[in-house]
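Shown next: protein.pdb, containing PDB, C-alpha atoms.
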```
MODEL        1
ATOM      1  CA  MET A  26      -5.425  -3.257 -47.590
ATOM      2  CA  SER A  27      -4.991  -5.489 -50.571
ATOM      3  CA  LEU A  28      -2.704  -8.492 -50.817
ATOM      4  CA  LEU A  29      -0.025  -6.507 -52.621
ATOM      5  CA  SER A  30       0.063  -3.932 -49.862
ATOM      6  CA  TRP A  31       0.624  -6.685 -47.302
ATOM      7  CA  ILE A  32       3.484  -8.139 -49.353
ATOM      8  CA  VAL A  33       5.030  -4.681 -49.745
ATOM      9  CA  THR A  34       4.738  -4.076 -46.001
ATOM     10  CA  LEU A  35       6.356  -7.427 -45.235
ATOM     11  CA  PHE A  36       9.273  -6.751 -47.588
ATOM     12  CA  LEU A  37       9.770  -3.230 -46.226
ATOM     13  CA  MET A  38       9.807  -4.382 -42.626
ATOM     14  CA  ALA A  39      12.186  -7.261 -43.398
ATOM     15  CA  GLY A  40      14.513  -4.888 -45.234
ATOM     16  CA  VAL A  41      14.537  -2.327 -42.430
ATOM     17  CA  PHE A  42      15.141  -5.134 -39.933
ATOM     18  CA  PHE A  43      18.197  -6.291 -41.885
ATOM     19  CA  PHE A  44      19.479  -2.707 -42.190
ATOM     20  CA  ILE A  45      19.266  -2.218 -38.424
ATOM     21  CA  VAL A  46      20.855  -5.620 -37.775
ATOM     22  CA  GLY A  47      23.714  -4.701 -40.118
ATOM     23  CA  SER A  48      24.281  -1.402 -38.346
ATOM     24  CA  VAL A  49      24.269  -3.068 -34.935
ATOM     25  CA  GLY A  50      26.755  -5.600 -36.314
ATOM     26  CA  ILE A  51      29.014  -2.783 -37.489
ATOM     27  CA  LEU A  52      28.865  -1.311 -34.013
ATOM     28  CA  ARG A  53      29.252  -4.455 -31.941
ATOM     29  CA  PHE A  54      31.653  -6.813 -33.712
ATOM     30  CA  PRO A  55      35.174  -6.853 -32.284
ATOM     31  CA  ASP A  56      37.223  -6.962 -35.469
ATOM     32  CA  PHE A  57      37.492  -5.125 -38.755
ATOM     33  CA  TYR A  58      36.891  -8.223 -40.866
ATOM     34  CA  SER A  59      33.804  -9.309 -38.966
ATOM     35  CA  ARG A  60      32.441  -5.768 -39.166
ATOM     36  CA  LEU A  61      32.931  -5.949 -42.911
ATOM     37  CA  HIS A  62      31.056  -9.249 -42.928
ATOM     38  CA  ALA A  63      28.059  -7.675 -41.203
ATOM     39  CA  ALA A  64      28.144  -4.611 -43.426
ATOM     40  CA  GLY A  65      28.539  -6.331 -46.772
ATOM     41  CA  LYS A  66      25.999  -9.085 -46.351
ATOM     42  CA  CYS A  67      23.200  -7.220 -44.632
ATOM     43  CA  ASP A  68      23.597  -4.300 -46.992
ATOM     44  CA  THR A  69      23.000  -6.227 -50.192
ATOM     45  CA  LEU A  70      20.090  -8.268 -48.842
ATOM     46  CA  ALA A  71      18.354  -5.333 -47.183
ATOM     47  CA  SER A  72      18.728  -3.092 -50.234
ATOM     48  CA  ALA A  73      17.309  -5.814 -52.469
ATOM     49  CA  LEU A  74      14.345  -6.353 -50.128
ATOM     50  CA  VAL A  75      13.392  -2.704 -49.711
ATOM     51  CA  LEU A  76      13.937  -1.813 -53.370
ATOM     52  CA  GLY A  77      11.925  -4.880 -54.412
ATOM     53  CA  ALA A  78       9.101  -3.703 -52.169
ATOM     54  CA  ILE A  79       9.236  -0.257 -53.754
ATOM     55  CA  ALA A  80       9.211  -1.746 -57.258
ATOM     56  CA  LEU A  81       6.197  -3.932 -56.361
ATOM     57  CA  PHE A  82       4.350  -0.960 -54.919
ATOM     58  CA  GLY A  83       4.738   0.872 -58.216
ATOM     59  CA  LEU A  84       2.709  -1.877 -59.930
ATOM     60  CA  ARG A  85      -0.489  -1.337 -57.890
ATOM     61  CA  ASP A  86      -3.745  -0.732 -59.848
ATOM     62  CA  PHE A  87      -2.159  -1.609 -63.160
ATOM     63  CA  ASP A  88      -4.350  -0.581 -66.074
ATOM     64  CA  TRP A  89      -3.471  -1.284 -69.687
ATOM     65  CA  ASN A  90      -5.096   1.877 -70.985
ATOM     66  CA  SER A  91      -3.800   4.511 -68.597
ATOM     67  CA  LEU A  92      -0.539   6.259 -69.305
ATOM     68  CA  GLN A  93       0.245   6.657 -65.601
ATOM     69  CA  SER A  94       0.416   2.876 -65.160
ATOM     70  CA  TRP A  95       3.043   2.548 -67.845
ATOM     71  CA  GLU A  96       4.986   5.396 -66.246
ATOM     72  CA  ASN A  97       4.876   3.485 -62.954
ATOM     73  CA  LEU A  98       6.063   0.340 -64.726
ATOM     74  CA  ARG A  99       9.025   2.258 -66.146
ATOM     75  CA  VAL A 100       9.925   3.504 -62.665
ATOM     76  CA  SER A 101       9.681  -0.050 -61.294
ATOM     77  CA  LEU A 102      12.011  -1.355 -64.011
ATOM     78  CA  LYS A 103      14.508   1.375 -63.130
ATOM     79  CA  VAL A 104      14.317   0.382 -59.467
ATOM     80  CA  MET A 105      14.994  -3.241 -60.395
ATOM     81  CA  MET A 106      18.021  -2.027 -62.370
ATOM     82  CA  ILE A 107      19.267  -0.346 -59.177
ATOM     83  CA  VAL A 108      18.858  -3.725 -57.441
ATOM     84  CA  LEU A 109      20.943  -5.429 -60.144
ATOM     85  CA  PHE A 110      23.621  -2.752 -59.903
ATOM     86  CA  VAL A 111      23.770  -2.931 -56.102
ATOM     87  CA  CYS A 112      24.023  -6.738 -56.223
ATOM     88  CA  VAL A 113      27.113  -6.389 -58.424
ATOM     89  CA  ALA A 114      28.675  -3.263 -56.937
ATOM     90  CA  SER A 115      28.312  -3.758 -53.201
ATOM     91  CA  PRO A 116      30.198  -7.094 -52.998
ATOM     92  CA  SER A 117      32.984  -5.769 -55.199
ATOM     93  CA  ALA A 118      33.343  -2.660 -53.049
ATOM     94  CA  THR A 119      33.489  -4.881 -49.971
ATOM     95  CA  HIS A 120      36.097  -7.030 -51.686
ATOM     96  CA  ALA A 121      38.222  -3.982 -52.511
ATOM     97  CA  ILE A 122      38.117  -2.762 -48.915
ATOM     98  CA  THR A 123      39.008  -6.231 -47.613
ATOM     99  CA  LYS A 124      41.939  -6.453 -50.002
ATOM    100  CA  ALA A 125      43.193  -3.054 -48.870
ATOM    101  CA  ALA A 126      42.968  -4.149 -45.226
ATOM    102  CA  PHE A 127      44.813  -7.356 -46.050
ATOM    103  CA  ILE A 128      47.597  -5.505 -47.872
ATOM    104  CA  VAL A 129      48.011  -2.989 -45.067
ATOM    105  CA  GLY A 130      48.083  -5.818 -42.549
ATOM    106  CA  VAL A 131      45.076  -5.546 -40.283
ATOM    107  CA  GLU A 132      45.288  -8.445 -37.877
ATOM    108  CA  PRO A 133      42.301 -10.750 -37.408
ATOM    109  CA  TRP A 134      40.794 -10.830 -33.960
ATOM    110  CA  GLU A 135      41.598 -13.747 -31.665
ATOM    111  CA  LYS A 136      40.028 -14.529 -28.378
ATOM    112  CA  ARG A 137      43.336 -15.044 -26.560
ATOM    113  CA  LYS A 138      44.572 -11.539 -27.275
ATOM    114  CA  ARG A 139      41.885 -10.080 -25.059
ATOM    115  CA  ASN A 140      43.432 -11.559 -21.929
ATOM    116  CA  ARG A 141      46.829 -10.057 -22.443
TER
ATOM    117  CA  MET B   2       0.390   2.860 -47.046
ATOM    118  CA  ASN B   3       1.960   6.271 -46.453
ATOM    119  CA  THR B   4       2.346   5.400 -42.785
ATOM    120  CA  VAL B   5       4.233   2.215 -43.608
ATOM    121  CA  PHE B   6       6.666   4.096 -45.819
ATOM    122  CA  LEU B   7       7.109   6.721 -43.112
ATOM    123  CA  LEU B   8       7.864   4.051 -40.503
ATOM    124  CA  ALA B   9      10.357   2.376 -42.832
ATOM    125  CA  ALA B  10      12.080   5.701 -43.417
ATOM    126  CA  LEU B  11      12.285   6.284 -39.670
ATOM    127  CA  GLY B  12      13.811   2.843 -39.087
ATOM    128  CA  MET B  13      16.344   3.478 -41.790
ATOM    129  CA  MET B  14      17.279   6.805 -40.242
ATOM    130  CA  VAL B  15      17.908   5.018 -36.945
ATOM    131  CA  SER B  16      20.147   2.612 -38.833
ATOM    132  CA  ILE B  17      22.028   5.506 -40.449
ATOM    133  CA  ALA B  18      22.553   7.060 -37.006
ATOM    134  CA  LEU B  19      23.965   3.775 -35.688
ATOM    135  CA  ALA B  20      26.366   3.511 -38.627
ATOM    136  CA  MET B  21      27.338   7.148 -38.144
ATOM    137  CA  ILE B  22      28.654   6.297 -34.665
ATOM    138  CA  ARG B  23      31.144   3.938 -36.300
ATOM    139  CA  VAL B  24      32.087   6.578 -38.875
ATOM    140  CA  VAL B  25      32.784   9.209 -36.237
ATOM    141  CA  GLY B  26      34.553   7.034 -33.700
ATOM    142  CA  GLY B  27      36.012   4.226 -35.781
ATOM    143  CA  PRO B  28      39.439   3.134 -34.624
ATOM    144  CA  THR B  29      40.927   2.809 -38.113
ATOM    145  CA  VAL B  30      40.417   4.593 -41.406
ATOM    146  CA  LEU B  31      39.017   1.446 -43.037
ATOM    147  CA  ASP B  32      36.210   1.259 -40.462
ATOM    148  CA  ARG B  33      35.157   4.732 -41.483
ATOM    149  CA  ILE B  34      35.169   3.714 -45.151
ATOM    150  CA  VAL B  35      32.894   0.749 -44.377
ATOM    151  CA  GLY B  36      30.525   2.977 -42.418
ATOM    152  CA  VAL B  37      30.322   5.519 -45.229
ATOM    153  CA  ASN B  38      29.632   2.714 -47.712
ATOM    154  CA  VAL B  39      26.724   1.449 -45.622
ATOM    155  CA  ILE B  40      25.333   4.955 -45.158
ATOM    156  CA  GLY B  41      25.504   5.536 -48.907
ATOM    157  CA  SER B  42      23.560   2.433 -49.792
ATOM    158  CA  GLU B  43      20.957   3.261 -47.155
ATOM    159  CA  THR B  44      20.625   6.745 -48.600
ATOM    160  CA  THR B  45      19.904   5.220 -52.020
ATOM    161  CA  VAL B  46      16.930   3.398 -50.527
ATOM    162  CA  LEU B  47      15.844   6.370 -48.444
ATOM    163  CA  LEU B  48      15.725   8.598 -51.532
ATOM    164  CA  LEU B  49      13.200   6.285 -53.188
ATOM    165  CA  ILE B  50      11.017   6.221 -50.079
ATOM    166  CA  ILE B  51      11.121  10.027 -49.965
ATOM    167  CA  GLY B  52      10.054   9.952 -53.602
ATOM    168  CA  TYR B  53       6.971   7.937 -52.734
ATOM    169  CA  LEU B  54       6.156  10.190 -49.800
ATOM    170  CA  PHE B  55       6.301  13.252 -52.063
ATOM    171  CA  ASN B  56       4.541  11.562 -55.040
ATOM    172  CA  ALA B  57       7.523  12.357 -57.278
ATOM    173  CA  VAL B  58       9.153   8.958 -57.577
ATOM    174  CA  SER B  59       9.819   9.269 -61.324
ATOM    175  CA  MET B  60      12.208  12.097 -60.532
ATOM    176  CA  PHE B  61      13.785  10.561 -57.435
ATOM    177  CA  VAL B  62      14.591   7.245 -59.108
ATOM    178  CA  ASP B  63      17.150   8.918 -61.371
ATOM    179  CA  ILE B  64      18.777  10.581 -58.376
ATOM    180  CA  ALA B  65      18.868   7.198 -56.646
ATOM    181  CA  ILE B  66      20.591   5.554 -59.640
ATOM    182  CA  ALA B  67      23.201   8.320 -59.688
ATOM    183  CA  TYR B  68      23.697   8.004 -55.945
ATOM    184  CA  ALA B  69      24.190   4.225 -56.130
ATOM    185  CA  MET B  70      26.875   4.620 -58.811
ATOM    186  CA  LEU B  71      28.503   7.474 -56.882
ATOM    187  CA  ASN B  72      28.600   5.368 -53.723
ATOM    188  CA  PHE B  73      30.337   2.504 -55.524
ATOM    189  CA  ILE B  74      32.899   4.777 -57.161
ATOM    190  CA  LEU B  75      33.482   6.555 -53.839
ATOM    191  CA  SER B  76      34.332   3.412 -51.906
ATOM    192  CA  ILE B  77      36.594   2.053 -54.662
ATOM    193  CA  GLY B  78      38.320   5.413 -55.097
ATOM    194  CA  VAL B  79      38.871   6.073 -51.408
ATOM    195  CA  THR B  80      40.296   2.576 -50.985
ATOM    196  CA  LYS B  81      42.722   3.090 -53.866
ATOM    197  CA  PHE B  82      43.711   6.470 -52.454
ATOM    198  CA  PHE B  83      44.277   4.891 -49.052
ATOM    199  CA  LEU B  84      46.571   2.260 -50.574
ATOM    200  CA  ARG B  85      48.602   4.725 -52.607
ATOM    201  CA  ARG B  86      49.062   7.236 -49.819
ATOM    202  CA  LYS B  87      52.503   7.603 -48.329
ATOM    203  CA  GLY B  88      52.912   6.033 -44.941
ATOM    204  CA  ARG B  89      49.642   4.095 -45.029
ATOM    205  CA  SER B  90      49.091   4.531 -41.320
ATOM    206  CA  LEU B  91      45.852   2.935 -40.153
ATOM    207  CA  HIS B  92      45.195   5.464 -37.447
ATOM    208  CA  ASN B  93      44.900   8.985 -38.682
ATOM    209  CA  THR B  94      46.757  10.529 -35.776
ATOM    210  CA  GLN B  95      49.609  12.370 -37.390
ATOM    211  CA  LYS B  96      52.871  12.033 -35.517
ATOM    212  CA  ASP B  97      55.120  14.573 -37.163
TER
ENDMDL
END
```
Using structure tokens, write down the structure from this file.
Amino acid sequence: MSLLSWIVTLFLMAGVFFFIVGSVGILRFPDFYSRLHAAGKCDTLASALVLGAIALFGLRDFDWNSLQSWENLRVSLKVMMIVLFVCVASPSATHAITKAAFIVGVEPWEKRKRNR
Amino acid sequence: MNTVFLLAALGMMVSIALAMIRVVGGPTVLDRIVGVNVIGSETTVLLLIIGYLFNAVSMFVDIAIAYAMLNFILSIGVTKFFLRRKGRSLHNTQKD
């Protein structure tokens, strides 16, 4: 495999690792707000990593004279636009959900309440 | 390289299954919204990997863009709907 394939593999595995860690965090954390923390952070980072790997993989064997290479470049630019959109949209969605929970009055988790 | 993409897709499906547990059995409505949000953004990524596996990524990238926008609008809209609903009970057990 070439160097680019190794970089793509590394990014993909890191992204999948962060996705799984985020899902385990959603399952295991005791409180709504900490679950939101796991979901929001891991989601943005993992999406950026995996989509960046996919965009890099589209640039393999780039040739100035072949039309297919330019088509692949266009696809890669679109994927990077998805990354930009996710980096803006996912934190604002998380913020909206947090604000709704705050308005409704979800109580933060405290360690003492467990022993009641 | 196909094998790597296939393994990544499998790992992401495991992650979707883990988030689905929270969606099905979440104690409050907001937990379910968070789980659906995570599943949506994982589906955006999974669509692109499926595109590479089928050698049709120039078609799947447009679907992925639409899905990312739809996921954002869905979470914002469901949150607004949850706030405007009468009663605003966190647990969806109806006590009529």
**Request:** Between B:Met21, B:Leu7, B:Ile50, B:Leu31, single out the one closest to Val75 of chain A, counting all atoms listed in the file.
**Result:** B:Ile50
**Message:** For the PyMOL selection byres ((chain A) within 8 of (chain B)), applied here, can you spell out every residue it catches as JSON, numbers by chain?
**Reply:** {"A": [30, 34, 37, 38, 41, 44, 45, 48, 49, 51, 52, 57, 61, 64, 68, 72, 75, 76, 79, 96, 97, 100, 103, 104, 107, 110, 111, 114, 115, 118, 119, 121, 122, 125, 126, 129]}
Expected selection from the PyMOL selection byres ((chain A and resi 29) around 12), given as a PDB file with C-alpha atoms, keeping the file's coordinate frame:
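Okay, part.pdb is ready:
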```pdb
ATOM      1  CA  MET A  26      -5.425  -3.257 -47.590  1.00  0.00           C
ATOM      2  CA  SER A  27      -4.991  -5.489 -50.571  1.00  0.00           C
ATOM      3  CA  LEU A  28      -2.704  -8.492 -50.817  1.00  0.00           C
ATOM      4  CA  SER A  30       0.063  -3.932 -49.862  1.00  0.00           C
ATOM      5  CA  TRP A  31       0.624  -6.685 -47.302  1.00  0.00           C
ATOM      6  CA  ILE A  32       3.484  -8.139 -49.353  1.00  0.00           C
ATOM      7  CA  VAL A  33       5.030  -4.681 -49.745  1.00  0.00           C
ATOM      8  CA  THR A  34       4.738  -4.076 -46.001  1.00  0.00           C
ATOM      9  CA  LEU A  35       6.356  -7.427 -45.235  1.00  0.00           C
ATOM     10  CA  PHE A  36       9.273  -6.751 -47.588  1.00  0.00           C
ATOM     11  CA  ALA A  78       9.101  -3.703 -52.169  1.00  0.00           C
ATOM     12  CA  ILE A  79       9.236  -0.257 -53.754  1.00  0.00           C
ATOM     13  CA  ALA A  80       9.211  -1.746 -57.258  1.00  0.00           C
ATOM     14  CA  LEU A  81       6.197  -3.932 -56.361  1.00  0.00           C
ATOM     15  CA  PHE A  82       4.350  -0.960 -54.919  1.00  0.00           C
ATOM     16  CA  GLY A  83       4.738   0.872 -58.216  1.00  0.00           C
ATOM     17  CA  LEU A  84       2.709  -1.877 -59.930  1.00  0.00           C
ATOM     18  CA  ARG A  85      -0.489  -1.337 -57.890  1.00  0.00           C
ATOM     19  CA  ASP A  86      -3.745  -0.732 -59.848  1.00  0.00           C
ATOM     20  CA  PHE A  87      -2.159  -1.609 -63.160  1.00  0.00           C
TER      21      PHE A  87
ATOM     22  CA  MET B   2       0.390   2.860 -47.046  1.00  0.00           C
TER      23      MET B   2
END
```
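The space between atom CA of Val37 of chain B and atom CA of Gly50 of chain A spans 14.7 Å.
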**Request:** Go ahead and compute the interatomic distance for atom CA of Ile128 of chain A and atom CA of Tyr58 of chain A, in Å to one decimal.
**Result:**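 Separation between atom CA of Ile128 of chain A and atom CA of Tyr58 of chain A: 13.1 Å.
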**Message:** As an exercise, work out the distance from atom CA of Phe127 of chain A to atom CA of Ser59 of chain A in Å and give it to one decimal place.
**Reply:** 13.2 Å
